[in-house]
2 protein chains.
Amino acid sequence: MGEENSYEAIHEYFTKYLREHKHRRTPERYAILEHVYSYEGHFNADILYNLMKQDYRVSLATIYNSLDLLVECKLIIKHQLGNQYAQYERAFGNNNLHHHLICTNCGKVKEFSDKPIRVAIQSKAFVHFKMSHYSLYLYGICGKCKDELKKGIIHIPRFTEDSDDF
Amino acid sequence: MGEENSYEAIHEYFTKYLREHKHRRTPERYAILEHVYSYEGHFNADILYNLMKQDYRVSLATIYNSLDLLVECKLIIKHQLGNQYAQYERAFGNNNLHHHLICTNCGKVKEFSDKPIRVAIQSKAFVHFKMSHYSLYLYGICGKCKDELKKGIIHIPRFTEDSDDF
DNA sequence: TTTGTTGCAAAACGTTTGCAGCCTC
DNA sequence: GAGGCTGCAAACGTTTTGCAACAAA
């Protein structure tokens with residue numbers, strides 16, 4: 001898609017995708033796209049369902065169905081960060097070139113951006129694999145939890161050959 | 001398994017962890033650790049359960065309970081690659097310094113290793129976040145599926161385990 | 001003895017599916 | 001008019017939980 005990330009461009013892109021794949025252009029699908037693209041940050045199916053219920057009659061099944069479709073046409077990105085709700089975020093109009101920090105203690109998710117990492121990953125090529133996108137999750141302990149856990153810290157010996165100094 | 005010394009260290013580390021956290025050293029926990037550390041590659045709770053059932057009386061609940069414990073003490077790594085079974089792999093004695101290629105068509109998972117990527121990620125430091133480990137997943141289309149898609153075979157929503165080279 | 005852990009079964013959870021009717025093409 | 005899509009509810013598959021019995025501390 002072009003670099004114009006206005007909502008009209010998104011809408012048009014979706015229309016083109018639906019038409020080319022012989023999927024029907026239903027009002028539900030457009031309503032879902034609209035809500036998704038006016039939502040800042042990460043959301044899940046339930047959040048979206050409850051948000052939409054306020055002013056639109058839509059079922060959870062249709063939400064899931066449409067989210068799949070939006071993932072398929074790369075308008076949104078799906079993250080499975082645990083066995084709770086899958087998380088989604090829009091792919092355009094958002095700063096989507098980010099990675100995720102996940103606190104293994106409290107489960108909080110934060111985003112960060114890092115060019116060297118991005119370059120290293122994107123310059124990787126495979127003979128028998130065509131990369132479309134990637135997800136990088138860094139797990140650890142956030143500042144808040146670090147303070148709270150200070151009492152019970154145990155020493156963890158490293159069995160790995162490479163030592164990692166963060 | 002030819003790594004007697006290694007396994008002794010693992011066993012000892014686990015014992016220390018259990019003791020320091022005031023968790024009981026039950027035969028089930030050691031049996032699970034043993035099976036996990038003699039399993040090559042990725043596995044899930046169900047695979048482990050069925051494997052252990054053959055020569056050990058253990059319940060799925062205890063499997064899950066113990067896997068959590070092993071994740072907690074960093075003896076195994078957990079991957080949530082979709083909303084199917086969570087996948088685990090041992091953290092030591094294995095080449096765990098790898099990333100994952102995931103085919104978005106057939107769901108096949110393949111490992112690869114890349115030093116520049118590893119270095120870029122590991123050299124990253126945060127003020128309010130202490131990284132313990134990370135997961136990098138590259139999504140795309142594997143060679144096999146690329147060929148099949150070319151011939152018009154559409155979507156194969158299957159999760160396979162056989163390792164073809166990417 | 002105390003109480004953390006177990007096996008078992010049932011419940012919980014997010015997601016998918018079956019179906020009758022609706023609506024896009 | 002055909003059949004893809006919808007809402008609804010029931011079913012699904014994975015994981016967690018409640019509980020009585022057990023066993024490690």
# chains A, B, ... in the order shown; residues from 1 in each chain; ligands from 1
>>> closest_atom_pairs(of="chain D", to="chain B", cutoff="10 Å", atoms="only C-alpha atoms (C1' of nucleotides)", output="tab-separated table")
residue	atom	partner	partner_atom	distance
D:DG13	C1'	B:Gln84	CA	7.7
D:DT14	C1'	B:Tyr85	CA	6.4
D:DT15	C1'	B:Tyr64	CA	8.0
D:DT16	C1'	B:Ala61	CA	8.3
D:DT17	C1'	B:Ala61	CA	9.7
D:DA23	C1'	B:Thr26	CA	8.9
D:DA24	C1'	B:Arg24	CA	6.4
D:DA25	C1'	B:Arg24	CA	8.1
>>> interface_residues(of="chain B", to="chain A", cutoff="6 Å", atoms="only C-alpha atoms", output="list of chain:residue names")
B:Gln80, B:Ile117, B:Ala120, B:Ile121, B:Ala125, B:His128, B:Phe129, B:Lys130, B:Met131, B:Ser132, B:His133, B:Tyr134, B:Ser135, B:Leu136, B:Tyr137, B:Leu138, B:Tyr139, B:Gly140, B:Ile141, B:Cys142, B:Gly143, B:Phe166
>>> select_by_dssp(residues="chain B", states="strand (DSSP E)", output="PyMOL selection string")
chain B and resi 43-44+76-79+87-90+99-103+109-112+129-142
>>> interface_residues(of="chain C", to="chain A", cutoff="12 Å", atoms="only C-alpha atoms (C1' of nucleotides)", output="short mmCIF file (atom, residue, chain, number, x, y, z; two decimals) with all heavy atoms, in the first residue's frame")
data_model
loop_
_atom_site.label_atom_id
_atom_site.label_comp_id
_atom_site.auth_asym_id
_atom_site.auth_seq_id
_atom_site.Cartn_x
_atom_site.Cartn_y
_atom_site.Cartn_z
P DA C 12 -17.03 -22.29 36.35
OP1 DA C 12 -17.23 -21.36 37.49
OP2 DA C 12 -18.09 -22.55 35.35
"O5'" DA C 12 -15.73 -21.81 35.56
"C5'" DA C 12 -14.49 -21.73 36.25
"C4'" DA C 12 -13.44 -21.33 35.26
"O4'" DA C 12 -13.15 -22.45 34.41
"C3'" DA C 12 -13.87 -20.18 34.34
"O3'" DA C 12 -12.88 -19.17 34.44
"C2'" DA C 12 -13.96 -20.81 32.95
"C1'" DA C 12 -13.03 -22.00 33.07
N9 DA C 12 -13.38 -23.16 32.24
C8 DA C 12 -14.59 -23.78 32.12
N7 DA C 12 -14.58 -24.82 31.32
C5 DA C 12 -13.27 -24.89 30.89
C6 DA C 12 -12.59 -25.78 30.02
N6 DA C 12 -13.19 -26.80 29.41
N1 DA C 12 -11.29 -25.56 29.80
C2 DA C 12 -10.68 -24.54 30.41
N3 DA C 12 -11.20 -23.64 31.25
C4 DA C 12 -12.50 -23.88 31.45
P DC C 13 -13.18 -17.71 33.91
OP1 DC C 13 -12.47 -16.82 34.84
OP2 DC C 13 -14.64 -17.55 33.65
"O5'" DC C 13 -12.46 -17.65 32.50
"C5'" DC C 13 -11.09 -18.04 32.41
"C4'" DC C 13 -10.76 -18.37 30.99
"O4'" DC C 13 -11.28 -19.67 30.68
"C3'" DC C 13 -11.45 -17.46 29.97
"O3'" DC C 13 -10.55 -16.42 29.64
"C2'" DC C 13 -11.71 -18.37 28.77
"C1'" DC C 13 -11.33 -19.75 29.27
N1 DC C 13 -12.30 -20.82 28.94
C2 DC C 13 -11.86 -21.92 28.20
O2 DC C 13 -10.68 -21.96 27.85
N3 DC C 13 -12.74 -22.91 27.90
C4 DC C 13 -14.00 -22.81 28.31
N4 DC C 13 -14.82 -23.80 27.99
C5 DC C 13 -14.47 -21.69 29.06
C6 DC C 13 -13.60 -20.72 29.35
P DG C 14 -11.09 -15.20 28.74
OP1 DG C 14 -10.30 -14.02 29.10
OP2 DG C 14 -12.57 -15.16 28.80
"O5'" DG C 14 -10.68 -15.67 27.26
"C5'" DG C 14 -9.30 -15.84 26.97
"C4'" DG C 14 -9.13 -16.56 25.66
"O4'" DG C 14 -9.86 -17.79 25.68
"C3'" DG C 14 -9.63 -15.79 24.44
"O3'" DG C 14 -8.66 -15.94 23.41
"C2'" DG C 14 -10.96 -16.46 24.09
"C1'" DG C 14 -10.74 -17.88 24.57
N9 DG C 14 -11.97 -18.55 25.03
C8 DG C 14 -12.92 -18.03 25.86
N7 DG C 14 -13.90 -18.86 26.10
C5 DG C 14 -13.57 -20.00 25.37
C6 DG C 14 -14.26 -21.23 25.23
O6 DG C 14 -15.33 -21.57 25.74
N1 DG C 14 -13.57 -22.11 24.40
C2 DG C 14 -12.37 -21.83 23.79
N2 DG C 14 -11.86 -22.80 23.03
N3 DG C 14 -11.73 -20.68 23.91
C4 DG C 14 -12.37 -19.82 24.71
P DT C 15 -8.90 -15.29 21.97
OP1 DT C 15 -7.55 -15.09 21.38
OP2 DT C 15 -9.83 -14.14 22.09
"O5'" DT C 15 -9.63 -16.46 21.16
"C5'" DT C 15 -8.91 -17.65 20.93
"C4'" DT C 15 -9.78 -18.65 20.23
"O4'" DT C 15 -10.92 -18.96 21.06
"C3'" DT C 15 -10.34 -18.20 18.88
"O3'" DT C 15 -9.75 -19.04 17.90
"C2'" DT C 15 -11.86 -18.40 19.01
"C1'" DT C 15 -11.99 -19.32 20.21
N1 DT C 15 -13.23 -19.22 21.01
C2 DT C 15 -14.06 -20.31 21.08
O2 DT C 15 -13.83 -21.36 20.50
N3 DT C 15 -15.18 -20.14 21.86
C4 DT C 15 -15.54 -19.01 22.56
O4 DT C 15 -16.58 -18.98 23.23
C5 DT C 15 -14.63 -17.90 22.46
C7 DT C 15 -14.93 -16.61 23.18
C6 DT C 15 -13.53 -18.05 21.70
P DT C 16 -10.20 -18.96 16.36
OP1 DT C 16 -9.04 -19.37 15.56
OP2 DT C 16 -10.87 -17.68 16.10
"O5'" DT C 16 -11.30 -20.12 16.28
"C5'" DT C 16 -10.95 -21.41 16.72
"C4'" DT C 16 -12.09 -22.36 16.46
"O4'" DT C 16 -13.20 -22.08 17.35
"C3'" DT C 16 -12.65 -22.31 15.03
"O3'" DT C 16 -12.75 -23.66 14.62
"C2'" DT C 16 -14.02 -21.62 15.21
"C1'" DT C 16 -14.40 -22.03 16.62
N1 DT C 16 -15.27 -21.09 17.39
C2 DT C 16 -16.39 -21.59 18.02
O2 DT C 16 -16.73 -22.75 17.96
N3 DT C 16 -17.10 -20.66 18.75
C4 DT C 16 -16.82 -19.33 18.91
O4 DT C 16 -17.54 -18.60 19.59
C5 DT C 16 -15.64 -18.87 18.21
C7 DT C 16 -15.25 -17.44 18.31
C6 DT C 16 -14.92 -19.76 17.49
P DT C 17 -13.32 -24.05 13.19
OP1 DT C 17 -12.56 -25.23 12.77
OP2 DT C 17 -13.38 -22.84 12.36
"O5'" DT C 17 -14.82 -24.52 13.50
"C5'" DT C 17 -15.05 -25.43 14.57
"C4'" DT C 17 -16.54 -25.74 14.64
"O4'" DT C 17 -17.22 -24.69 15.38
"C3'" DT C 17 -17.24 -25.84 13.29
"O3'" DT C 17 -18.10 -26.96 13.35
"C2'" DT C 17 -18.02 -24.53 13.18
"C1'" DT C 17 -18.32 -24.23 14.64
N1 DT C 17 -18.48 -22.80 15.03
C2 DT C 17 -19.46 -22.47 15.94
O2 DT C 17 -20.21 -23.28 16.43
N3 DT C 17 -19.51 -21.14 16.27
C4 DT C 17 -18.71 -20.13 15.78
O4 DT C 17 -18.85 -18.98 16.17
C5 DT C 17 -17.70 -20.55 14.83
C7 DT C 17 -16.79 -19.53 14.25
C6 DT C 17 -17.64 -21.84 14.51
P DC C 22 -34.69 -13.75 8.04
OP1 DC C 22 -35.51 -12.90 8.93
OP2 DC C 22 -35.25 -14.37 6.82
"O5'" DC C 22 -33.41 -12.89 7.61
"C5'" DC C 22 -32.45 -12.53 8.62
"C4'" DC C 22 -31.23 -11.96 7.93
"O4'" DC C 22 -30.49 -13.01 7.28
"C3'" DC C 22 -31.56 -10.95 6.84
"O3'" DC C 22 -30.67 -9.86 7.04
"C2'" DC C 22 -31.31 -11.69 5.53
"C1'" DC C 22 -30.20 -12.64 5.94
N1 DC C 22 -30.08 -13.93 5.20
C2 DC C 22 -28.85 -14.28 4.64
O2 DC C 22 -27.89 -13.50 4.76
N3 DC C 22 -28.73 -15.46 3.98
C4 DC C 22 -29.77 -16.28 3.87
N4 DC C 22 -29.61 -17.43 3.23
C5 DC C 22 -31.05 -15.95 4.44
C6 DC C 22 -31.16 -14.77 5.08
P DC C 23 -30.89 -8.46 6.34
OP1 DC C 23 -30.55 -7.44 7.34
OP2 DC C 23 -32.19 -8.47 5.64
"O5'" DC C 23 -29.75 -8.47 5.24
"C5'" DC C 23 -28.39 -8.70 5.64
"C4'" DC C 23 -27.53 -8.82 4.40
"O4'" DC C 23 -27.72 -10.11 3.79
"C3'" DC C 23 -27.88 -7.82 3.31
"O3'" DC C 23 -26.69 -7.58 2.61
"C2'" DC C 23 -28.84 -8.60 2.43
"C1'" DC C 23 -28.09 -9.93 2.43
N1 DC C 23 -28.88 -11.13 2.04
C2 DC C 23 -28.21 -12.20 1.44
O2 DC C 23 -27.00 -12.11 1.24
N3 DC C 23 -28.93 -13.30 1.10
C4 DC C 23 -30.23 -13.35 1.33
N4 DC C 23 -30.88 -14.45 0.98
C5 DC C 23 -30.93 -12.27 1.95
C6 DC C 23 -30.23 -11.19 2.28
P DT C 24 -26.18 -6.12 2.28
OP1 DT C 24 -25.66 -5.50 3.50
OP2 DT C 24 -27.24 -5.48 1.49
"O5'" DT C 24 -24.95 -6.44 1.30
"C5'" DT C 24 -23.90 -7.24 1.79
"C4'" DT C 24 -23.29 -8.06 0.66
"O4'" DT C 24 -24.17 -9.14 0.30
"C3'" DT C 24 -22.99 -7.29 -0.62
"O3'" DT C 24 -21.68 -7.65 -1.02
"C2'" DT C 24 -24.04 -7.78 -1.60
"C1'" DT C 24 -24.32 -9.19 -1.10
N1 DT C 24 -25.68 -9.74 -1.35
C2 DT C 24 -25.81 -11.04 -1.80
O2 DT C 24 -24.86 -11.77 -2.04
N3 DT C 24 -27.11 -11.46 -1.95
C4 DT C 24 -28.27 -10.74 -1.72
O4 DT C 24 -29.37 -11.23 -1.89
C5 DT C 24 -28.05 -9.39 -1.25
C7 DT C 24 -29.25 -8.52 -0.99
C6 DT C 24 -26.79 -8.95 -1.09
P DC C 25 -20.98 -6.89 -2.26
OP1 DC C 25 -19.54 -6.92 -2.02
OP2 DC C 25 -21.69 -5.61 -2.47
"O5'" DC C 25 -21.30 -7.86 -3.49
"C5'" DC C 25 -20.78 -9.19 -3.44
"C4'" DC C 25 -21.38 -9.99 -4.56
"O4'" DC C 25 -22.79 -10.19 -4.34
"C3'" DC C 25 -21.24 -9.37 -5.94
"O3'" DC C 25 -20.62 -10.30 -6.80
"C2'" DC C 25 -22.67 -9.08 -6.37
"C1'" DC C 25 -23.45 -10.11 -5.58
N1 DC C 25 -24.87 -9.77 -5.29
C2 DC C 25 -25.86 -10.76 -5.46
O2 DC C 25 -25.52 -11.88 -5.85
N3 DC C 25 -27.16 -10.45 -5.19
C4 DC C 25 -27.48 -9.22 -4.76
N4 DC C 25 -28.77 -8.97 -4.51
C5 DC C 25 -26.49 -8.21 -4.59
C6 DC C 25 -25.21 -8.52 -4.86
#
>>> atom_distance(atom1="CA of Lys108 in chain A", atom2="CA of Glu20 in chain B")
26.4 Å
>>> atom_distance(atom1="CA of Ile32 in chain A", atom2="CA of Leu67 in chain A")
8.2 Å
>>> atom_distance(atom1="CA of Arg57 in chain B", atom2="CA of Asn44 in chain B")
17.9 Å
>>> closest_residue(among="B:Val109, B:Ala9, B:Leu18, B:Ala91", to="Glu40 in chain B", atoms="only C-alpha atoms")
B:Ala91
>>> closest_residue(among="A:Arg29, A:Arg90, A:His42, A:His21", to="DC5 in chain D", atoms="only C-alpha atoms (C1' of nucleotides)")
A:Arg29
